[in-house]
Amino acid sequence: MIFKELEELGILGINNRVGRYILRHNKREYYPLVDDKVLTAKRAAAWGIAMPENYLVIENYGSLKNLHLKINDYDSFVIKPANGSQGNGIIVIKEIVREYVEGKPERILFRRSNDKLMDIEEVKHHISGILSGLYSLSGQSDTAIIQAKIDKHPIFDNYSFGGIPDIRVIVFEGYPVMSMVRLPTKSSDGRANLHQGAIGAGLNLSNGWVNNAVIRNQVIETHPDTGHQILGLKLPFWTEILELAARCYDMVGLGYLGADIVLTPDQGPILLELNARPGLAIQIANLAGLVPRLEKIRKDAPKDLLSSQRVEFSMKHF
Amino acid sequence: MRKLIIFITALLILTPLGMLVYKSQVLDLSLIPQMVDDVWNVHMSMKPKGDLTAFSFPIPKSGPGIKVSDEKVRSKDFLVFMDANSDSKLATWSSKEFIKRRVSFSARIDLKPLMYKNIPKDFTESYPKGLEVYLEVPKLLPEDVAAIELLEGAILEGTEDKTSLVRKIYYYVEEEIQRNTAIKTIHETLNSGKGSPLIKAKLFNIMARRKGVPSRIVVMVRMPDSKQQKEKTKLRFTFANEVFLSNRWVPIDTNRGYFAERPDNFMVVHRNYEEVEKIISKKAVSYSIQAERARINRYNKAEFKKAVLKTDSIFSRFSLYRLPLPLQTMFTTILLIPVGTLVLCLARNIIGIPTFGMFTPILLTLFFKETSFGFGLLFFMVVVLIGIGQRYVLDKFYLLAVPRMSIILTFVIMLMIVYSLTAADLTSISQKHLAFFPIVIVTTNIERLSIMLTEEGLLNTLKTLVGTLVIAILGFSLYSIPELEMFMFTNPELLFTIVGLLILIGKYKGYRLSEFIRFRDLVRQKKKLAGESK
């Protein structure tokens, strides 16, 4: 059987993920809580889970009219679809260039994270694309969020090109089971998206050390753009990161969950978004299969523990 | 729960199979209707030589081994009347002016092989009046008569019954007279032992009649083989005989060696050459005959319907054969869609081929089916290009997504109009009013393609595009198996089996074949690490 090796390593395949874990442990009714980032933010606020501030939630085309006035107070922001997936439709504006003629604002330009400039019409166009459902999971009309841009934590200065790295934690029945940090590269256009060539660096769950790193499927040791050794990078706030992820289970009630967490320079770890169908590439980043860990939780993990106790269990066993 | 699922699945899969067994064993129905023999579309066109206001030509008539239907005689400028006796038929075109244009006849002809085994000995002495004409021996030169008498003495001596006589004459003419199209008189043939097909038929005719066996020369056409059909080869008249033995006309062909047999690639046009000799001679007429196999109505649905209704079982009540024909045609196509989804599910969930949208491949399959594969593929590619290209053009206009999609859709429809107006051959699409509907739906997925292109790069997009096409082609190939179409149409209860199989695929939790490739590097790395640590 050609799949024998995959089985021995405990690799989780798509069919198994959907059939045995997602369908059984994720109740459909809770999906909107993670699929709609506006709902996630509301729920998170109630639970005291830190997320980036939503400056504006745009629900209809009418509110695009005075967009330039509404964003007057901000110097940077991120535009994202409330129901997007895989980072699609997200635009990061790292600087707003306002040109004044005789003291009056004449023209506003937006500098994206990849240094391309957009004018207000292009921004509005992008937002209206989001509203009409271009990037939403179901293709139905959507809401656009204008969100505070997160700054990069200094620890990533040598490990990231362009955008902000994010930390993905797979949480099963409230227990963190596997984690990786996604480091943007030049070829991923500064995005933390593995499809586009970002680095996936597997993290040792017990201490937050990077124990392996891949680009697409290739194992690497140094960051291709900065040349820095990736193995040996240790994430700060590790326990806090895992606890944040574990609490997300209590918050949305999904048994099989991917929590995307970013490290801010000032607030520590905050939740960026949740995912009810987290991908399987994390196994390649960790050079490890998910199945043994998931089964360990299913068989041995006690129920009704506090999030901190669950994190303790995970750090001990994985 | 698990047991319940297994039970339901087994029930779904096995019940229809049981029904099939019941239908074939107990009700004695075949599982698909019998094939109907292919028929021929025959087209003849003639023009008389010389100034004539009326002109006749033999046309095929139904009889043993031949069934003529859908006769069409072009008659706009002519008065046409038919003159038929029990064996043959003449069409006569007449006009007030000289006939200067070609006249034509076309019909659908169903040919069946004829074969008479064990013809009994025939000692008939006298024949009805109508047959006397077939006993008249044509006038011959005295020396030819002498030569024939000599022959008869040599080969027929002592033979009494007419069946045996005919057989001996047949063997002689068939084997001893070599085919030579240059030799065109009885006299030459008797001297040289060679003769054209017509002369061989004439010689046989004379010898049979001299022995009191009613005999005639039939005018026929050998149907073209598939290569000739492709090349639209013009067919010529050729000749054989029929003799009246034990009360029926028995075919004899001394040229191609058939005794009491006529294969189904010969179409008889007239059964008495002597009557039409002048009419069909090269001096009188220029004619052209073409024939093509028509594969219409390959299955004898009508007969099958009767058989189903006769069983008076639950199957006859729920048979799709009860539906009016257009609906039947529709369901023949539609019933393969679930089979297609089976292919789709296998490809996606077991193999792991990526596709655009869930049912785009199926819609493409239908599009291919309704138009043609080559055209469908081309059209799809053009739609894809429009979908990608519009982003570069329409992006500058800052249009909202829905109107933008609608514009692409409108473009695609314009494209169809342009195609329809310029295409030379519309037969492939004109009769199928919904042919383009699937592509219209597919178009709505094209926007996702262009997003994918920007978000996930060219390689992933191409993979998905190719995956979609591969599944569409697999689905399309199902339609090239007419038996499968017929099988599903005849036994629609198999849909339950498909549902059962879909449940099985739905419960499959193993790896996809594509994951073998996806995690290949992981396995390799893991092995390497294991090797190092040892």
# chains A, B, ... in the order shown; residues from 1 in each chain; ligands from 1
>>> interface_residues(of="chain A", to="chain B", cutoff="6 Å", atoms="only C-alpha atoms", output="list of chain:residue names")
A:Gly13, A:Asn15, A:Asn16, A:His125, A:Gly129, A:Ser132, A:Ile284, A:Leu287
>>> select_by_dssp(residues="region 120-316 of chain A", states="strand (DSSP E)", output="NGL selection string")
:A and (144-147 or 166-172 or 175-183 or 199-203 or 210-215 or 218-219 or 256-264 or 268-275)
>>> write_last_selection(atoms="C-alpha atoms", output="mmCIF file, in the first residue's frame")
data_model
loop_
_atom_site.group_PDB
_atom_site.id
_atom_site.type_symbol
_atom_site.label_atom_id
_atom_site.label_comp_id
_atom_site.auth_asym_id
_atom_site.auth_seq_id
_atom_site.Cartn_x
_atom_site.Cartn_y
_atom_site.Cartn_z
ATOM 1 C CA ALA A 144 -15.224 44.925 4.714
ATOM 2 C CA ILE A 145 -13.204 45.660 7.808
ATOM 3 C CA ILE A 146 -10.723 48.454 8.164
ATOM 4 C CA GLN A 147 -8.512 47.336 10.961
ATOM 5 C CA ASP A 166 1.701 34.965 12.269
ATOM 6 C CA ILE A 167 1.575 31.978 14.515
ATOM 7 C CA ARG A 168 -0.886 29.220 13.689
ATOM 8 C CA VAL A 169 -1.937 26.954 16.509
ATOM 9 C CA ILE A 170 -4.160 23.943 15.863
ATOM 10 C CA VAL A 171 -6.428 23.480 18.855
ATOM 11 C CA PHE A 172 -8.286 20.208 19.327
ATOM 12 C CA TYR A 175 -5.831 21.520 23.613
ATOM 13 C CA PRO A 176 -3.104 23.002 21.429
ATOM 14 C CA VAL A 177 -1.772 20.139 19.312
ATOM 15 C CA MET A 178 0.563 21.649 16.760
ATOM 16 C CA SER A 179 1.911 25.027 15.902
ATOM 17 C CA MET A 180 3.958 26.886 13.343
ATOM 18 C CA VAL A 181 5.004 30.402 12.594
ATOM 19 C CA ARG A 182 4.593 31.693 9.060
ATOM 20 C CA LEU A 183 7.365 34.035 8.004
ATOM 21 C CA ILE A 199 8.248 30.062 5.270
ATOM 22 C CA GLY A 200 6.414 27.605 7.487
ATOM 23 C CA ALA A 201 8.452 27.060 10.630
ATOM 24 C CA GLY A 202 7.334 24.283 12.958
ATOM 25 C CA LEU A 203 7.381 25.131 16.624
ATOM 26 C CA VAL A 210 11.580 26.530 15.826
ATOM 27 C CA ASN A 211 12.507 22.937 15.142
ATOM 28 C CA ASN A 212 12.144 22.824 11.393
ATOM 29 C CA ALA A 213 11.348 25.155 8.525
ATOM 30 C CA VAL A 214 10.105 24.688 4.979
ATOM 31 C CA ILE A 215 9.322 26.784 1.948
ATOM 32 C CA GLN A 218 11.588 22.143 0.772
ATOM 33 C CA VAL A 219 13.375 22.067 4.096
ATOM 34 C CA TYR A 256 -11.079 21.453 15.661
ATOM 35 C CA LEU A 257 -9.779 24.942 15.257
ATOM 36 C CA GLY A 258 -6.895 26.941 13.856
ATOM 37 C CA ALA A 259 -6.007 30.084 15.763
ATOM 38 C CA ASP A 260 -3.874 32.698 14.002
ATOM 39 C CA ILE A 261 -1.976 34.785 16.509
ATOM 40 C CA VAL A 262 0.371 37.715 16.016
ATOM 41 C CA LEU A 263 2.974 39.092 18.367
ATOM 42 C CA THR A 264 2.700 42.826 18.864
ATOM 43 C CA GLY A 268 2.165 40.706 23.424
ATOM 44 C CA PRO A 269 0.247 37.996 21.557
ATOM 45 C CA ILE A 270 -3.148 38.941 20.153
ATOM 46 C CA LEU A 271 -5.619 36.943 18.116
ATOM 47 C CA LEU A 272 -5.749 37.788 14.430
ATOM 48 C CA GLU A 273 -8.387 35.358 13.242
ATOM 49 C CA LEU A 274 -9.790 31.893 13.665
ATOM 50 C CA ASN A 275 -10.183 29.149 11.124
#
>>> residues_around(residues="Val221 (chain B)", least_positions_apart="2", cutoff="9 Å", atoms="only C-alpha atoms", output="mmCIF file with C-alpha atoms, in the first residue's frame")
data_model
loop_
_atom_site.group_PDB
_atom_site.id
_atom_site.type_symbol
_atom_site.label_atom_id
_atom_site.label_comp_id
_atom_site.auth_asym_id
_atom_site.auth_seq_id
_atom_site.Cartn_x
_atom_site.Cartn_y
_atom_site.Cartn_z
ATOM 1 C CA VAL B 219 -30.430 -4.407 -61.426
ATOM 2 C CA MET B 223 -23.479 -0.336 -51.081
ATOM 3 C CA LEU B 235 -22.192 3.962 -57.234
ATOM 4 C CA ARG B 236 -22.862 2.098 -60.490
ATOM 5 C CA PHE B 237 -25.495 -0.422 -61.394
ATOM 6 C CA THR B 238 -24.444 -4.016 -61.308
ATOM 7 C CA PHE B 239 -26.304 -7.197 -62.133
ATOM 8 C CA ASN B 265 -24.785 -4.738 -48.975
ATOM 9 C CA PHE B 266 -26.705 -5.090 -52.229
ATOM 10 C CA MET B 267 -29.705 -2.930 -52.960
ATOM 11 C CA VAL B 268 -32.016 -4.114 -55.711
ATOM 12 C CA VAL B 269 -33.264 -1.214 -57.812
ATOM 13 C CA ILE B 289 -26.198 7.178 -56.924
#
>>> residues_around(residues="Ala294 (chain B)", least_positions_apart="6", cutoff="8 Å", atoms="only C-alpha atoms", output="JSON list (two decimals) with C-alpha atoms, in the first residue's frame")
[["chain", "number", "residue", "atom", "x", "y", "z"],
["B", 38, "ASP", "CA", -28.39, 0.59, -39.51],
["B", 39, "VAL", "CA", -30.24, 2.00, -42.44],
["B", 40, "TRP", "CA", -29.00, 3.65, -45.57],
["B", 41, "ASN", "CA", -29.73, 7.09, -46.88]]
>>> residues_around(residues="Leu67 (chain A)", least_positions_apart="3", cutoff="10 Å", atoms="only C-alpha atoms", output="PDB file with C-alpha atoms, in the first residue's frame")
ATOM      1  CA  LEU A  56     -14.414  50.761  10.516  1.00  0.00           C
ATOM      2  CA  ILE A  58     -18.184  48.827   5.986  1.00  0.00           C
ATOM      3  CA  GLY A  62     -23.061  54.008   0.472  1.00  0.00           C
ATOM      4  CA  SER A  63     -20.604  54.263   3.306  1.00  0.00           C
ATOM      5  CA  LEU A  64     -17.724  54.289   0.835  1.00  0.00           C
ATOM      6  CA  LYS A  70     -13.509  58.443   7.902  1.00  0.00           C
ATOM      7  CA  ILE A  71      -9.917  57.352   7.698  1.00  0.00           C
ATOM      8  CA  ASN A  72      -8.581  60.820   8.377  1.00  0.00           C
ATOM      9  CA  ILE A 120      -8.550  56.529  -2.978  1.00  0.00           C
ATOM     10  CA  GLU A 121     -10.484  55.241  -5.993  1.00  0.00           C
ATOM     11  CA  VAL A 123      -9.012  51.550  -2.359  1.00  0.00           C
ATOM     12  CA  LYS A 124     -12.740  52.072  -2.765  1.00  0.00           C
TER      13      LYS A 124
END
>>> closest_residue(among="A:Lys234, A:Lys116, A:Lys42, A:His126", to="Phe156 (chain A)", atoms="only C-alpha atoms")
A:Lys234
>>> residues_around(residues="Leu109 (chain A)", least_positions_apart="4", cutoff="10 Å", atoms="only C-alpha atoms", output="PyMOL selection string")
chain A and resi 93+95-99+116-123
>>> residues_around(residues="region 60-71 of chain B", least_positions_apart="2", cutoff="8 Å", atoms="only C-alpha atoms", output="ChimeraX atom specification")
/B:58,73,87-89,105-114,264,267-270
>>> closest_residue(among="A:His228, A:Lys37, A:Arg112, A:Arg28", to="Ala82 (chain A)", atoms="only C-alpha atoms")
A:Lys37
>>> closest_residue(among="A:Ile230, A:Leu131, A:Ile164, A:Leu194", to="Ile282 (chain A)", atoms="only C-alpha atoms")
A:Leu194
>>> select_by_dssp(residues="region 42-268 of chain B", states="alpha helix (DSSP H)", output="MDAnalysis selection string")
chainID B and resid 142:155 162:176 186:192 197:210 226:231
>>> atom_distance(atom1="CA of Arg2 (chain B)", atom2="CA of Glu173 (chain A)")
23.0 Å
>>> atom_distance(atom1="CA of Gln267 (chain A)", atom2="CA of Ala45 (chain A)")
14.9 Å
>>> closest_residue(among="B:Lys234, B:Met207, B:Leu459, B:Ser319", to="Gly153 (chain B)", atoms="only C-alpha atoms")
B:Met207
>>> closest_residue(among="B:Phe375, B:Tyr299, B:Tyr172, B:Tyr392", to="Ile32 (chain B)", atoms="only C-alpha atoms")
B:Tyr299
